[in-house]
Amino acid sequence: MFRTALAVLGLTLGLMIESAAQSPAETRPLDERVRDWFQPLVDSRDFSGVIMIRAGADLPIALTFGYADWVTGEPMTAQARFPTGSITKSLTAAMARRLVDEGRLSPDMAVSRFVPELVGYETVRIGDILNHTAGLPRDVPPGALADGASDTLITWLADQPAPAAGPHGYAYSNVGYGLLAVIIERAVNARFETLLTTEFLIPLDMQNSRIMRADGSALPGVPTGYTAGPLPLDLRAPMTDTPALGASGLVAPMGDLIHLADAVASRRIDLFEPDGQMVGSWSVEQSGGETIYTIQGSVPGYSAGISVLPGRDIAIAYGTSLESYPNWEIRDVLHALVLGRPVAPAASRPATDRLTSGHLEAVGTYSGSPFGPVALMQTEGGLDLVLTERDWRFYLTPTGIDTFNWRLFNTDMTLERDAAGRVAAITANQAGLTGEGRSYRLERTDLPPLPVAEAETTGN
């Protein structure tokens, strides 16, 4: 859910994938190609997880990378379970559509039919919630919910402004899918987790999966999640996340996600619209003439994805426990490898350097980020970049004098100083996973103007 959110903010990156004929390297067995591409990321502490691929009637191949716990050295196993974030929306949407087929719900029904506590929702339609066109907020602010209970979410929503009648323009809303889960509960008079388990997890042979309303990392078999951090490991514990309902909460091994992929492809779970598009956060992509059904999801410290290539009868599932690259970039690399196309090696990262007082002089607030306003804040072990609108925090790895690397997007950041030696701006060059990205400039917003005499002396 988390990194998918960044993707929706417009941070999708291109890949250095060519349309030329296959090189000799791409004729090797698929498992070798995948392992050889991702193993260097393990060596640099940038990838840890499981990738599983099923091609035709063959048994799925499972490749494991890194560690279930980087501190203890516990190895990763193919049976590891991962919090999958927005992949949960597959099941929420499927349950809603099943209830529509049974006549218990209708896309045109108002939310107030099932949730009368929400005053002003008389014109908010269930179908608009399903399609992210209801005008609902994207996320619940951090710390706003005391727990993951259905009534807690409704109480919080009742204090927010009600959206006007839709449909509105597409606006991804995790809050909307939480509300949809409550509507499903009340339409059937059953707990949401129980419904999804009996209606989907058991029939689809996903019996090693669980639906959670809170942090799923404590479940048996879930690797320890990490994000970028200070030395000695360059890793640390991830942020905490808001309790999930409907929009997130599925914890699953990759074998179960392959079952889900096959159910979507065969339409045992029908998420397709009449125009060929999909609901439940799935999208239909085109890559070199290949149609791909795909979904990604993440929570702090974890990400997962599913892709189906129906023309080749291929299903891909991956789960990671190290928050170091965006999951949509991992997805695109896997698509290229499975299709036998050349992929540039992962872009190199600068080595970690020592933190100095000069780095700490960058503490302050900035504008100009594609993520909205940001702040650099001192934290234990160094500096965090904070997306202030959502309080999402990312460690900045010091890489040299006046330079950092933001590992999630492999962005090199260089401090710019004014005539008085103050950090006044930061240039950011984003390389991403394969070296093709963007550049932008962060302008400091909390510095007082230079003294007039000094400004005149420097010609400013």
# chains A, B, ... in the order shown; residues from 1 in each chain; ligands from 1

$ residues_around --residues "Thr445 of chain A" --least-positions-apart "2" --cutoff "8 Å" --atoms "only C-alpha atoms" --output "list in words"
Gly364, Thr365, Tyr366, Ser367, Glu443 and Leu447 of chain A

$ residues_around --residues "segment 390-405 of chain A" --least-positions-apart "6" --cutoff "7 Å" --atoms "only C-alpha atoms" --output "PyMOL selection string"
chain A and resi 141+228-230+350-355+358-359+383-384+411-415

$ residues_around --residues "segment 28-42 of chain A" --least-positions-apart "2" --cutoff "7 Å" --atoms "only C-alpha atoms" --output "short mmCIF file (atom, residue, chain, number, x, y, z; two decimals) with N, CA and C atoms, in the first residue's frame"
data_model
loop_
_atom_site.label_atom_id
_atom_site.label_comp_id
_atom_site.auth_asym_id
_atom_site.auth_seq_id
_atom_site.Cartn_x
_atom_site.Cartn_y
_atom_site.Cartn_z
N ALA A 25 22.95 -13.93 -23.42
CA ALA A 25 22.68 -14.04 -21.97
C ALA A 25 21.23 -14.36 -21.69
N GLU A 26 20.32 -13.89 -22.56
CA GLU A 26 18.90 -14.07 -22.31
C GLU A 26 18.39 -15.44 -22.73
N SER A 44 24.51 -5.87 -1.81
CA SER A 44 24.57 -4.46 -1.39
C SER A 44 23.49 -4.12 -0.36
N ARG A 45 22.84 -5.13 0.19
CA ARG A 45 21.76 -4.98 1.17
C ARG A 45 20.61 -4.14 0.60
N ASP A 46 20.22 -4.45 -0.61
CA ASP A 46 19.13 -3.73 -1.26
C ASP A 46 17.97 -4.64 -1.66
N PHE A 47 18.07 -5.92 -1.39
CA PHE A 47 16.97 -6.81 -1.76
C PHE A 47 17.00 -8.03 -0.85
N SER A 48 15.82 -8.44 -0.42
CA SER A 48 15.68 -9.63 0.40
C SER A 48 14.25 -10.12 0.22
N PHE A 65 16.17 -14.95 -1.71
CA PHE A 65 17.27 -13.99 -1.69
C PHE A 65 17.41 -13.42 -0.29
N GLY A 66 18.64 -13.26 0.15
CA GLY A 66 18.89 -12.56 1.41
C GLY A 66 18.50 -13.36 2.63
N LEU A 337 12.80 -9.75 -17.67
CA LEU A 337 13.54 -11.00 -17.56
C LEU A 337 12.70 -12.19 -18.02
N VAL A 338 11.43 -12.21 -17.62
CA VAL A 338 10.56 -13.33 -18.01
C VAL A 338 10.32 -13.33 -19.51
N PRO A 345 22.02 -3.82 -15.89
CA PRO A 345 22.25 -4.18 -14.48
C PRO A 345 21.73 -3.09 -13.56
#

$ select_by_dssp --residues "segment 287-452 of chain A" --states "alpha helix (DSSP H)" --output "list of chain:residue names"
A:Asn327, A:Trp328, A:Glu329, A:Ile330, A:Arg331, A:Asp332, A:Val333, A:Leu334, A:His335, A:Ala336, A:Leu337, A:Val338, A:Ser357, A:Gly358, A:His359, A:Leu360, A:Val452

$ write_last_selection --atoms "N, CA and C atoms" --output "tab-separated table (two decimals), in the first residue's frame"
chain	number	residue	atom	x	y	z
A	327	ASN	N	8.49	-1.03	-5.59
A	327	ASN	CA	8.07	-2.35	-6.07
A	327	ASN	C	7.71	-2.35	-7.54
A	328	TRP	N	7.25	-1.21	-8.09
A	328	TRP	CA	6.91	-1.22	-9.51
A	328	TRP	C	8.16	-1.33	-10.38
A	329	GLU	N	9.33	-0.87	-9.87
A	329	GLU	CA	10.57	-1.06	-10.62
A	329	GLU	C	10.99	-2.53	-10.60
A	330	ILE	N	10.86	-3.17	-9.43
A	330	ILE	CA	11.14	-4.61	-9.36
A	330	ILE	C	10.23	-5.37	-10.32
A	331	ARG	N	8.95	-5.00	-10.35
A	331	ARG	CA	7.99	-5.63	-11.26
A	331	ARG	C	8.44	-5.52	-12.71
A	332	ASP	N	8.84	-4.32	-13.13
A	332	ASP	CA	9.19	-4.11	-14.53
A	332	ASP	C	10.44	-4.89	-14.92
A	333	VAL	N	11.40	-4.99	-14.02
A	333	VAL	CA	12.58	-5.81	-14.28
A	333	VAL	C	12.18	-7.27	-14.45
A	334	LEU	N	11.31	-7.76	-13.58
A	334	LEU	CA	10.86	-9.15	-13.69
A	334	LEU	C	10.13	-9.40	-15.01
A	335	HIS	N	9.29	-8.45	-15.43
A	335	HIS	CA	8.61	-8.60	-16.72
A	335	HIS	C	9.63	-8.77	-17.84
A	336	ALA	N	10.65	-7.93	-17.85
A	336	ALA	CA	11.66	-8.00	-18.92
A	336	ALA	C	12.42	-9.31	-18.88
A	337	LEU	N	12.80	-9.75	-17.67
A	337	LEU	CA	13.54	-11.00	-17.56
A	337	LEU	C	12.70	-12.19	-18.02
A	338	VAL	N	11.43	-12.21	-17.62
A	338	VAL	CA	10.56	-13.33	-18.01
A	338	VAL	C	10.32	-13.33	-19.51
A	357	SER	N	29.09	17.10	10.70
A	357	SER	CA	28.28	18.25	11.10
A	357	SER	C	27.77	19.02	9.89
A	358	GLY	N	28.51	18.96	8.78
A	358	GLY	CA	28.06	19.62	7.56
A	358	GLY	C	26.76	19.02	7.04
A	359	HIS	N	26.62	17.73	7.15
A	359	HIS	CA	25.36	17.10	6.74
A	359	HIS	C	24.20	17.61	7.60
A	360	LEU	N	24.45	17.74	8.90
A	360	LEU	CA	23.37	18.14	9.80
A	360	LEU	C	22.92	19.58	9.57
A	452	VAL	N	21.45	42.60	4.10
A	452	VAL	CA	21.48	43.37	2.86
A	452	VAL	C	22.91	43.61	2.40

$ residues_around --residues "Thr240 of chain A" --least-positions-apart "6" --cutoff "9 Å" --atoms "only C-alpha atoms" --output "list in words"
Pro142, Asp215, Val299 and Pro300 of chain A

$ write_last_selection --atoms "C-alpha atoms" --output "PDB file, in the first residue's frame"
ATOM      1  CA  PRO A 142      -0.837   8.519  10.959  1.00  0.00           C
ATOM      2  CA  ASP A 215       0.693  -5.207  11.785  1.00  0.00           C
ATOM      3  CA  VAL A 299       3.536  -1.519   3.845  1.00  0.00           C
ATOM      4  CA  PRO A 300       6.624  -0.141   5.606  1.00  0.00           C
TER       5      PRO A 300
END

$ atom_distance --atom1 "atom CA of Leu235 of chain A" --atom2 "atom CA of Val71 of chain A"
9.5 Å

$ residues_around --residues "Val50 of chain A" --least-positions-apart "2" --cutoff "7 Å" --atoms "only C-alpha atoms" --output "list in words"
Met52, Ala62, Leu63, Thr64, Phe65, Ala78, Tyr318, Gly319 and Thr320 of chain A

$ write_last_selection --atoms "N, CA and C atoms" --output "PDB file, in the first residue's frame"
ATOM      1  N   MET A  52       8.671 -16.047  -7.181  1.00  0.00           N
ATOM      2  CA  MET A  52       8.127 -17.315  -7.658  1.00  0.00           C
ATOM      3  C   MET A  52       7.508 -17.105  -9.036  1.00  0.00           C
ATOM      4  N   ALA A  62      10.802 -21.307  -7.320  1.00  0.00           N
ATOM      5  CA  ALA A  62      10.879 -20.349  -6.206  1.00  0.00           C
ATOM      6  C   ALA A  62      12.342 -20.011  -5.974  1.00  0.00           C
ATOM      7  N   LEU A  63      12.657 -18.732  -6.001  1.00  0.00           N
ATOM      8  CA  LEU A  63      14.013 -18.258  -5.767  1.00  0.00           C
ATOM      9  C   LEU A  63      14.009 -17.427  -4.487  1.00  0.00           C
ATOM     10  N   THR A  64      14.931 -17.711  -3.590  1.00  0.00           N
ATOM     11  CA  THR A  64      15.019 -16.974  -2.334  1.00  0.00           C
ATOM     12  C   THR A  64      16.279 -16.113  -2.342  1.00  0.00           C
ATOM     13  N   PHE A  65      16.168 -14.948  -1.707  1.00  0.00           N
ATOM     14  CA  PHE A  65      17.273 -13.992  -1.689  1.00  0.00           C
ATOM     15  C   PHE A  65      17.412 -13.415  -0.286  1.00  0.00           C
ATOM     16  N   ALA A  78      11.419 -20.319   0.898  1.00  0.00           N
ATOM     17  CA  ALA A  78      10.366 -20.168  -0.105  1.00  0.00           C
ATOM     18  C   ALA A  78       8.986 -20.118   0.524  1.00  0.00           C
ATOM     19  N   TYR A 318       6.085 -11.935  -6.179  1.00  0.00           N
ATOM     20  CA  TYR A 318       7.300 -11.635  -5.419  1.00  0.00           C
ATOM     21  C   TYR A 318       6.926 -10.955  -4.114  1.00  0.00           C
ATOM     22  N   GLY A 319       7.742 -11.201  -3.098  1.00  0.00           N
ATOM     23  CA  GLY A 319       7.590 -10.537  -1.812  1.00  0.00           C
ATOM     24  C   GLY A 319       8.959 -10.108  -1.322  1.00  0.00           C
ATOM     25  N   THR A 320       9.047  -8.928  -0.744  1.00  0.00           N
ATOM     26  CA  THR A 320      10.323  -8.433  -0.249  1.00  0.00           C
ATOM     27  C   THR A 320      10.182  -7.985   1.207  1.00  0.00           C
TER      28      THR A 320
END

$ residues_around --residues "segment 167-172 of chain A" --least-positions-apart "3" --cutoff "12 Å" --atoms "only C-alpha atoms" --output "JSON, numbers by chain"
{"A": [1, 4, 5, 6, 7, 8, 9, 86, 89, 107, 108, 123, 124, 125, 126, 127, 128, 129, 130, 131, 132, 133, 134, 135, 136, 137, 138, 139, 163, 164, 175, 176, 177, 247, 279, 280, 281]}

$ write_last_selection --atoms "N, CA and C atoms" --output "mmCIF file, in the first residue's frame"
data_model
loop_
_atom_site.group_PDB
_atom_site.id
_atom_site.type_symbol
_atom_site.label_atom_id
_atom_site.label_comp_id
_atom_site.auth_asym_id
_atom_site.auth_seq_id
_atom_site.Cartn_x
_atom_site.Cartn_y
_atom_site.Cartn_z
ATOM 1 N N MET A 1 0.831 -1.199 0.000
ATOM 2 C CA MET A 1 0.000 0.000 0.000
ATOM 3 C C MET A 1 0.862 1.244 0.000
ATOM 4 N N THR A 4 2.982 1.675 -3.292
ATOM 5 C CA THR A 4 1.990 1.908 -4.330
ATOM 6 C C THR A 4 1.493 3.338 -4.255
ATOM 7 N N ALA A 5 1.354 3.861 -3.038
ATOM 8 C CA ALA A 5 0.916 5.247 -2.885
ATOM 9 C C ALA A 5 1.880 6.188 -3.569
ATOM 10 N N LEU A 6 3.192 5.976 -3.431
ATOM 11 C CA LEU A 6 4.154 6.836 -4.095
ATOM 12 C C LEU A 6 4.055 6.713 -5.609
ATOM 13 N N ALA A 7 3.749 5.512 -6.072
ATOM 14 C CA ALA A 7 3.588 5.348 -7.516
ATOM 15 C C ALA A 7 2.461 6.208 -8.031
ATOM 16 N N VAL A 8 1.349 6.244 -7.279
ATOM 17 C CA VAL A 8 0.197 7.025 -7.715
ATOM 18 C C VAL A 8 0.512 8.514 -7.673
ATOM 19 N N LEU A 9 1.498 8.945 -6.875
ATOM 20 C CA LEU A 9 1.901 10.341 -6.855
ATOM 21 C C LEU A 9 2.681 10.727 -8.111
ATOM 22 N N SER A 86 -1.695 -3.502 -0.710
ATOM 23 C CA SER A 86 -2.870 -3.281 -1.557
ATOM 24 C C SER A 86 -3.314 -4.500 -2.355
ATOM 25 N N LYS A 89 -6.783 -5.552 -1.774
ATOM 26 C CA LYS A 89 -7.923 -4.969 -2.481
ATOM 27 C C LYS A 89 -8.495 -5.922 -3.528
ATOM 28 N N PRO A 107 -24.019 -1.291 -7.315
ATOM 29 C CA PRO A 107 -23.107 -0.156 -7.488
ATOM 30 C C PRO A 107 -23.781 1.193 -7.264
ATOM 31 N N ASP A 108 -25.107 1.266 -7.481
ATOM 32 C CA ASP A 108 -25.828 2.531 -7.333
ATOM 33 C C ASP A 108 -26.344 2.775 -5.922
ATOM 34 N N THR A 123 -25.557 10.468 -1.119
ATOM 35 C CA THR A 123 -25.308 10.459 -2.571
ATOM 36 C C THR A 123 -23.969 9.815 -2.927
ATOM 37 N N VAL A 124 -23.297 9.244 -1.937
ATOM 38 C CA VAL A 124 -22.026 8.562 -2.196
ATOM 39 C C VAL A 124 -22.320 7.110 -2.532
ATOM 40 N N ARG A 125 -21.976 6.680 -3.745
ATOM 41 C CA ARG A 125 -22.371 5.367 -4.231
ATOM 42 C C ARG A 125 -21.280 4.318 -3.997
ATOM 43 N N ILE A 126 -21.719 3.089 -3.767
ATOM 44 C CA ILE A 126 -20.797 1.979 -3.533
ATOM 45 C C ILE A 126 -19.915 1.750 -4.764
ATOM 46 N N GLY A 127 -20.485 1.857 -5.957
ATOM 47 C CA GLY A 127 -19.688 1.642 -7.166
ATOM 48 C C GLY A 127 -18.566 2.646 -7.306
ATOM 49 N N ASP A 128 -18.791 3.887 -6.870
ATOM 50 C CA ASP A 128 -17.735 4.893 -6.950
ATOM 51 C C ASP A 128 -16.612 4.594 -5.969
ATOM 52 N N ILE A 129 -16.963 4.060 -4.806
ATOM 53 C CA ILE A 129 -15.919 3.656 -3.857
ATOM 54 C C ILE A 129 -15.064 2.549 -4.462
ATOM 55 N N LEU A 130 -15.710 1.579 -5.058
ATOM 56 C CA LEU A 130 -15.001 0.452 -5.660
ATOM 57 C C LEU A 130 -14.017 0.928 -6.720
ATOM 58 N N ASN A 131 -14.399 1.961 -7.474
ATOM 59 C CA ASN A 131 -13.587 2.435 -8.594
ATOM 60 C C ASN A 131 -12.726 3.641 -8.260
ATOM 61 N N HIS A 132 -12.637 4.000 -6.978
ATOM 62 C CA HIS A 132 -11.817 5.139 -6.538
ATOM 63 C C HIS A 132 -12.288 6.453 -7.156
ATOM 64 N N THR A 133 -13.581 6.609 -7.324
ATOM 65 C CA THR A 133 -14.121 7.857 -7.876
ATOM 66 C C THR A 133 -15.145 8.495 -6.934
ATOM 67 N N ALA A 134 -15.078 8.166 -5.651
ATOM 68 C CA ALA A 134 -16.050 8.680 -4.678
ATOM 69 C C ALA A 134 -15.613 9.994 -4.041
ATOM 70 N N GLY A 135 -14.395 10.444 -4.322
ATOM 71 C CA GLY A 135 -13.926 11.686 -3.728
ATOM 72 C C GLY A 135 -13.522 11.560 -2.280
ATOM 73 N N LEU A 136 -13.197 10.353 -1.833
ATOM 74 C CA LEU A 136 -12.786 10.128 -0.450
ATOM 75 C C LEU A 136 -11.291 10.387 -0.283
ATOM 76 N N PRO A 137 -10.859 10.702 0.948
ATOM 77 C CA PRO A 137 -9.424 10.940 1.162
ATOM 78 C C PRO A 137 -8.609 9.688 0.874
ATOM 79 N N ARG A 138 -7.351 9.914 0.568
ATOM 80 C CA ARG A 138 -6.477 8.809 0.219
ATOM 81 C C ARG A 138 -6.172 7.900 1.412
ATOM 82 N N ASP A 139 -5.725 8.500 2.523
ATOM 83 C CA ASP A 139 -5.275 7.726 3.682
ATOM 84 C C ASP A 139 -5.798 8.346 4.972
ATOM 85 N N PRO A 163 -17.950 13.705 1.090
ATOM 86 C CA PRO A 163 -17.725 14.091 -0.302
ATOM 87 C C PRO A 163 -19.041 14.419 -0.996
ATOM 88 N N ALA A 164 -18.949 15.242 -2.019
ATOM 89 C CA ALA A 164 -20.127 15.541 -2.836
ATOM 90 C C ALA A 164 -20.475 14.323 -3.686
ATOM 91 N N VAL A 175 -8.838 4.769 2.203
ATOM 92 C CA VAL A 175 -9.973 5.000 3.092
ATOM 93 C C VAL A 175 -11.245 4.420 2.482
ATOM 94 N N GLY A 176 -11.422 4.615 1.167
ATOM 95 C CA GLY A 176 -12.611 4.105 0.490
ATOM 96 C C GLY A 176 -12.732 2.598 0.599
ATOM 97 N N TYR A 177 -11.624 1.884 0.446
ATOM 98 C CA TYR A 177 -11.695 0.425 0.541
ATOM 99 C C TYR A 177 -11.906 -0.032 1.978
ATOM 100 N N ALA A 247 -8.260 -2.258 2.603
ATOM 101 C CA ALA A 247 -7.251 -1.781 1.659
ATOM 102 C C ALA A 247 -5.941 -2.534 1.799
ATOM 103 N N VAL A 279 -10.650 -3.893 -11.681
ATOM 104 C CA VAL A 279 -10.876 -3.228 -10.405
ATOM 105 C C VAL A 279 -10.006 -3.900 -9.351
ATOM 106 N N GLY A 280 -10.099 -3.407 -8.109
ATOM 107 C CA GLY A 280 -9.342 -4.010 -7.027
ATOM 108 C C GLY A 280 -7.864 -3.711 -7.078
ATOM 109 N N SER A 281 -7.497 -2.559 -7.674
ATOM 110 C CA SER A 281 -6.109 -2.087 -7.796
ATOM 111 C C SER A 281 -5.289 -2.853 -8.818
#

$ closest_atom_pairs --of "segment 231-285 of chain A" --to "segment 181-191 of chain A" --cutoff "12 Å" --atoms "only C-alpha atoms" --output "tab-separated table"
residue	atom	partner	partner_atom	distance
A:Ala244	CA	A:Ala181	CA	10.5
A:Leu245	CA	A:Ala181	CA	6.8
A:Gly246	CA	A:Ala181	CA	5.0
A:Ala247	CA	A:Ala181	CA	8.3
A:Ser248	CA	A:Ala181	CA	10.6
A:Gly249	CA	A:Ala181	CA	11.7

$ select_by_dssp --residues "segment 52-293 of chain A" --states "strand (DSSP E or B)" --output "PyMOL selection string"
chain A and resi 52-55+61-65+67-69+74-75+81-83+110+125+210-211+226-228+235-236+250-253+272+278+283-287+290-293

$ residues_around --residues "Tyr121 of chain A" --least-positions-apart "3" --cutoff "10 Å" --atoms "only C-alpha atoms" --output "list of chain:residue names"
A:Ala110, A:Val111, A:Ser112, A:Arg113, A:Val115, A:Pro116, A:Glu117, A:Leu118, A:Val124, A:Arg125, A:Ala158, A:Pro161, A:Ala162, A:Pro163, A:Ala164, A:Ala165

$ closest_residue --among "A:Leu180, A:Pro310, A:Ile295, A:Gly340" --to "Phe114 of chain A" --atoms "only C-alpha atoms"
A:Leu180

$ atom_distance --atom1 "atom CA of Asn208 of chain A" --atom2 "atom CA of Ala252 of chain A"
6.6 Å

$ closest_residue --among "A:Val140, A:Leu309, A:Asp147, A:Val343" --to "Glu285 of chain A" --atoms "only C-alpha atoms"
A:Leu309

$ closest_residue --among "A:Pro370, A:Gly178, A:Pro83, A:Pro342" --to "Tyr302 of chain A" --atoms "only C-alpha atoms"
A:Pro83

$ closest_residue --among "A:Val363, A:Ile314, A:Val222, A:Leu195" --to "Gln378 of chain A" --atoms "only C-alpha atoms"
A:Val363

$ atom_distance --atom1 "atom CA of Thr152 of chain A" --atom2 "atom CA of Leu179 of chain A"
11.0 Å
